[in-house]
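Working notes, beginning with the structure itself.
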Amino acid sequence: MPELAEVEFIRKRWNPGLGHPVTRILVHEKAGVFRGTDPALLAKRLRHATLVSSAAAAKQMLFRFTLADGTAADLGVHLGMTGELTAQPAGYTPLKADHLILIQRERALVFSDFRMFGRIQFALGPEFPAWWTAIAPPILSPAFTPAALSAFLARRARAPIKPVLLMQERFPGIGNWMADEILWRAAIHPRQPAGSLTAAEQKNLYREIRGVARRALSTIGETLADPPKSWLFPHRWEDGGRCPKTKTPLARADIGGRTACWSPARQKLHP
DNA sequence: TCCTATGTTGTATG
DNA sequence: ACATACAACATAGG
């Protein structure tokens, strides 16, 4: 379930472990979530380390530890499609899809992911690793300007706008449901070529990208509660779903390899 | 059996 | 080199 705001919420699931040392670690060394990292090294170094802080950016999380010798270490988590973080009581019995468990005296911090599209990364030292610092600046930061949006749309001119919104290099944290929500609010057809948006559409798109990100973070990011019925979100997967604005039937199709959902009554293709 | 799933990445093609 | 399209990754559930 993880896009921008879900990731921010799920990050906080490990908050009960802040300030506490890890006493023991369980890893599924052969799990695909460790591709590109050495799970044995991770397990060795994080034993007796203390979790000191965490952060979320785009769809990724970073957990910082202080090792017994004072060294800093960073654990990166990407949830992929089905990744989860939970904090479980002491004595927790691991399940099949639990690939990394950090055991503390009073709890177990669990990463599970049955599909294994998620990813665990690990780095030692005080500098933040490249896989963290390379994440694009947040949509709600001053770096995300109308000019930056326009320039990006121009460079992706022939591609349908929907898959363009999924590009993390410019829209960090936007995923399939947020992209559909944004286009629905901005009244732009998901197949509209990115380079063919009018000035008015670009303005609306900019506003809705920021608006959906802000509202998602302030609601889902705090409680994980589903957005209200006035959003596209609760209707996009239901059979016979209707647009909350026009009450007309929603349409669904594969666009750029993902299922897009839109309201034909308010999102029309134009030259 | 076949289809779907809130994601990324490697490869082929233009 | 760059933009675009698409298969592949792995698993559960309808």
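In the structure tokens, the first chain shown is A, the next is B, and so on; residue numbers restart at 1 for each chain, and ligands run from 1 in the order shown.
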Write out as a Markdown table the residues of chain B that have any atom within 12 Å of an atom of range 176-197 of chain A, one row each with the nearest atom pair and its distance in Å to one decimal, counting only C-alpha atoms (C1' of nucleotides), sorted by chain and then rising number.
```
| residue | atom | partner | partner_atom | distance |
| --- | --- | --- | --- | --- |
| B:DA5 | C1' | A:Asn176 | CA | 11.1 |
| B:DT6 | C1' | A:Trp177 | CA | 5.9 |
| B:DG7 | C1' | A:Asn176 | CA | 9.1 |
```
Grab the residues selected above and save them as a compact mmCIF listing (two decimals), in the first residue's frame with all heavy atoms.
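Saved to selection.txt:
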```txt
# COMPACT_ATOMS: atom_id res chain seq x y z
P DA B 5 -5.01 -3.78 -11.62
OP1 DA B 5 -5.83 -2.56 -11.59
OP2 DA B 5 -4.04 -4.01 -12.70
O5' DA B 5 -4.22 -3.89 -10.23
C5' DA B 5 -4.89 -3.78 -8.99
C4' DA B 5 -3.93 -4.12 -7.86
O4' DA B 5 -3.73 -5.55 -7.83
C3' DA B 5 -2.52 -3.54 -8.05
O3' DA B 5 -2.48 -2.22 -7.49
C2' DA B 5 -1.66 -4.51 -7.26
C1' DA B 5 -2.43 -5.82 -7.36
N9 DA B 5 -1.82 -6.76 -8.31
C8 DA B 5 -1.69 -6.62 -9.67
N7 DA B 5 -1.08 -7.60 -10.26
C5 DA B 5 -0.77 -8.47 -9.22
C6 DA B 5 -0.11 -9.73 -9.17
N6 DA B 5 0.37 -10.34 -10.26
N1 DA B 5 0.04 -10.32 -7.96
C2 DA B 5 -0.44 -9.70 -6.88
N3 DA B 5 -1.08 -8.53 -6.80
C4 DA B 5 -1.22 -7.96 -8.02
P DT B 6 -2.33 -1.02 -8.47
OP1 DT B 6 -3.66 -0.41 -8.49
OP2 DT B 6 -1.69 -1.35 -9.70
O5' DT B 6 -1.29 -0.08 -7.72
C5' DT B 6 -1.69 0.68 -6.70
C4' DT B 6 -0.64 1.66 -6.25
O4' DT B 6 -1.28 2.34 -5.16
C3' DT B 6 0.62 1.05 -5.63
O3' DT B 6 1.60 2.11 -5.48
C2' DT B 6 0.12 0.64 -4.27
C1' DT B 6 -0.72 1.89 -3.94
N1 DT B 6 -1.83 1.59 -3.01
C2 DT B 6 -1.80 2.21 -1.79
O2 DT B 6 -0.91 2.96 -1.46
N3 DT B 6 -2.86 1.90 -0.98
C4 DT B 6 -3.92 1.07 -1.26
O4 DT B 6 -4.81 0.88 -0.46
C5 DT B 6 -3.89 0.45 -2.57
C7 DT B 6 -4.99 -0.47 -3.01
C6 DT B 6 -2.86 0.74 -3.36
P DG B 7 2.66 2.37 -6.69
OP1 DG B 7 3.47 3.55 -6.34
OP2 DG B 7 1.93 2.29 -7.98
O5' DG B 7 3.59 1.09 -6.58
C5' DG B 7 4.40 0.88 -5.43
C4' DG B 7 5.84 0.66 -5.85
O4' DG B 7 5.95 -0.61 -6.55
C3' DG B 7 6.40 1.73 -6.79
O3' DG B 7 7.65 2.15 -6.26
C2' DG B 7 6.54 1.03 -8.13
C1' DG B 7 6.68 -0.43 -7.74
N9 DG B 7 6.11 -1.34 -8.72
C8 DG B 7 4.89 -1.25 -9.34
N7 DG B 7 4.66 -2.23 -10.16
C5 DG B 7 5.82 -3.01 -10.08
C6 DG B 7 6.14 -4.21 -10.74
O6 DG B 7 5.47 -4.84 -11.58
N1 DG B 7 7.40 -4.68 -10.37
C2 DG B 7 8.23 -4.07 -9.46
N2 DG B 7 9.39 -4.65 -9.23
N3 DG B 7 7.93 -2.95 -8.83
C4 DG B 7 6.71 -2.48 -9.19
```
Compile the residues of chain A that lie within 8 Å of chain B, evaluated using only C-alpha atoms (C1' of nucleotides), and express the compilation as a list in words.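 Going by the stated atoms only, the list reads Met1, Pro2, Glu3, Gly80, Met81, Phe117, Gly175, Asn176 and Trp177 of chain A.
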Do you know which residues are at most 8 Å from Gln104 in chain A counting only C-alpha atoms (C1' of nucleotides), after dropping those on the same chain fewer than 6 positions away, and could you put them as a PyMOL selection string? chain A and resi 17+20-24+90
Got time to write the residues from that selection, N, CA and C atoms, as a PDB file, in the first residue's frame?
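File produced: part38.pdb:
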```pdb
ATOM      1  N   GLY A  17      10.718   1.806  19.035  1.00  0.00           N
ATOM      2  CA  GLY A  17      12.069   1.279  19.189  1.00  0.00           C
ATOM      3  C   GLY A  17      13.143   2.350  19.321  1.00  0.00           C
ATOM      4  N   HIS A  20      16.384   2.569  21.880  1.00  0.00           N
ATOM      5  CA  HIS A  20      16.616   1.247  22.471  1.00  0.00           C
ATOM      6  C   HIS A  20      17.612   0.438  21.641  1.00  0.00           C
ATOM      7  N   PRO A  21      18.454  -0.336  22.300  1.00  0.00           N
ATOM      8  CA  PRO A  21      19.413  -1.159  21.584  1.00  0.00           C
ATOM      9  C   PRO A  21      18.785  -2.423  20.997  1.00  0.00           C
ATOM     10  N   VAL A  22      19.377  -2.875  19.908  1.00  0.00           N
ATOM     11  CA  VAL A  22      18.975  -4.128  19.276  1.00  0.00           C
ATOM     12  C   VAL A  22      19.788  -5.249  19.917  1.00  0.00           C
ATOM     13  N   THR A  23      19.114  -6.289  20.368  1.00  0.00           N
ATOM     14  CA  THR A  23      19.828  -7.370  21.053  1.00  0.00           C
ATOM     15  C   THR A  23      20.105  -8.550  20.123  1.00  0.00           C
ATOM     16  N   ARG A  24      19.227  -8.707  19.123  1.00  0.00           N
ATOM     17  CA  ARG A  24      19.375  -9.865  18.249  1.00  0.00           C
ATOM     18  C   ARG A  24      18.720  -9.560  16.911  1.00  0.00           C
ATOM     19  N   ALA A  90       7.512  -8.475  22.527  1.00  0.00           N
ATOM     20  CA  ALA A  90       8.619  -9.395  22.791  1.00  0.00           C
ATOM     21  C   ALA A  90       8.097 -10.828  22.697  1.00  0.00           C
TER      22      ALA A  90
END
```
Extract, using only C-alpha atoms (C1' of nucleotides), all DNA, RNA and protein residues at most 12 Å from DT4 in chain C, discarding same-chain residues fewer than 4 positions from it, and format them as a VMD selection string. (chain A and resid 155 to 160 163 to 164 256) or (chain B and resid 12 to 14)
In Å to one decimal, how far is CA of Gly91 in chain A from CA of Val77 in chain A?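 Distance between the two atoms: 23.6 Å.
Set the cut-off at 9 Å, count only C-alpha atoms (C1' of nucleotides), and the residues of chain C near chain A turn out to be DA3, DT4, DA5, DC6, DC9, DA10, DT11 and DA12 of chain C.
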Let's have the selection written as a PDB file, in the first residue's frame, with C-alpha atoms (C1' of nucleotides).
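Listed below is the output, selection00.pdb:
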```pdb
ATOM      1  C1'  DA C   3      12.925   9.237 -24.818  1.00  0.00           C
ATOM      2  C1'  DT C   4       9.661   5.692 -24.843  1.00  0.00           C
ATOM      3  C1'  DA C   5       7.590   1.041 -24.289  1.00  0.00           C
ATOM      4  C1'  DC C   6       7.374  -3.215 -22.130  1.00  0.00           C
ATOM      5  C1'  DC C   9      10.736  -9.617 -10.866  1.00  0.00           C
ATOM      6  C1'  DA C  10       7.399 -12.927  -6.887  1.00  0.00           C
ATOM      7  C1'  DT C  11       3.140 -14.017  -4.511  1.00  0.00           C
ATOM      8  C1'  DA C  12      -1.672 -14.166  -2.995  1.00  0.00           C
TER       9       DA C  12
END
```
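When DSSP is run on the backbone, the residues of range 166-269 of chain A that fall into strand (DSSP E or B) are Pro193, Arg242, Pro249, Ala251, Arg252, Ala253, Asp254, Ile255, Arg258, Thr259, Ala260, Cys261 and Trp262 of chain A.
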Grab the residues selected above and save them as a compact mmCIF listing (two decimals), in the first residue's frame with C-alpha atoms.
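The result, written out as selection-v3.txt:
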```txt
# COMPACT_ATOMS: atom_id res chain seq x y z
CA PRO A 193 0.56 13.75 -24.06
CA ARG A 242 -18.83 6.46 -10.18
CA PRO A 249 -19.29 5.90 -14.46
CA ALA A 251 -13.30 4.33 -16.85
CA ARG A 252 -10.31 2.06 -16.42
CA ALA A 253 -7.52 1.09 -18.80
CA ASP A 254 -3.89 0.11 -18.90
CA ILE A 255 -1.82 3.21 -19.59
CA ARG A 258 -0.42 0.42 -14.94
CA THR A 259 -4.16 0.57 -14.52
CA ALA A 260 -5.42 4.13 -14.78
CA CYS A 261 -8.85 5.19 -13.52
CA TRP A 262 -10.51 8.38 -14.68
```
Taking 2 positions as the minimum chain separation for residues in the same chain, which residues sit within 12 Å of Ile135 in chain A when counting only C-alpha atoms (C1' of nucleotides)? Answer as a JSON list (two decimals) with C-alpha atoms, in the first residue's frame.
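Generated file (part-v5.json):
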```
[["chain", "number", "residue", "atom", "x", "y", "z"],
["A", 56, "ALA", "CA", 10.87, 9.24, 5.14],
["A", 57, "ALA", "CA", 11.39, 10.68, 1.66],
["A", 58, "ALA", "CA", 9.41, 9.79, -1.44],
["A", 59, "LYS", "CA", 8.70, 6.05, -1.03],
["A", 60, "GLN", "CA", 11.79, 5.35, 1.03],
["A", 61, "MET", "CA", 12.70, 5.34, 4.69],
["A", 62, "LEU", "CA", 15.99, 5.74, 6.48],
["A", 128, "PHE", "CA", 24.14, 9.84, 4.24],
["A", 129, "PRO", "CA", 24.44, 7.23, 1.47],
["A", 130, "ALA", "CA", 23.81, 8.02, -2.19],
["A", 131, "TRP", "CA", 20.60, 6.00, -2.29],
["A", 132, "TRP", "CA", 19.22, 8.48, 0.20],
["A", 133, "THR", "CA", 20.71, 11.79, -0.94],
["A", 137, "PRO", "CA", 13.56, 17.17, -3.51],
["A", 138, "PRO", "CA", 10.05, 16.86, -2.04],
["A", 139, "ILE", "CA", 7.02, 18.06, -3.98],
["A", 167, "MET", "CA", 8.57, 9.23, -12.57],
["A", 168, "GLN", "CA", 10.26, 9.49, -9.21],
["A", 169, "GLU", "CA", 13.04, 11.74, -10.50],
["A", 170, "ARG", "CA", 10.54, 14.62, -10.65],
["A", 171, "PHE", "CA", 7.53, 13.47, -8.61],
["A", 172, "PRO", "CA", 9.04, 11.70, -5.61],
["A", 173, "GLY", "CA", 6.48, 9.66, -3.72]]
```
How many Å lie between CA of Tyr92 in chain A and CA of Glu106 in chain A, rounded to one decimal? 10.3 Å
May I ask for the distance between CA of Cys243 in chain A and CA of Glu222 in chain A, given in Å to one decimal place? 26.1 Å
I need the helix (DSSP H, G or I) residues of range 30-262 of chain A per DSSP on the backbone, written as a PyMOL selection string. chain A and resi 32-34+39-46+130-133+146-155+161-165+176-186+194-196+199-223+233-235
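Remark: for Lys44 in chain A, the closest of the candidate residues A:Ala73, A:Ala225, A:Ala31, A:Ala265 is A:Ala73 (distances computed over only C-alpha atoms).
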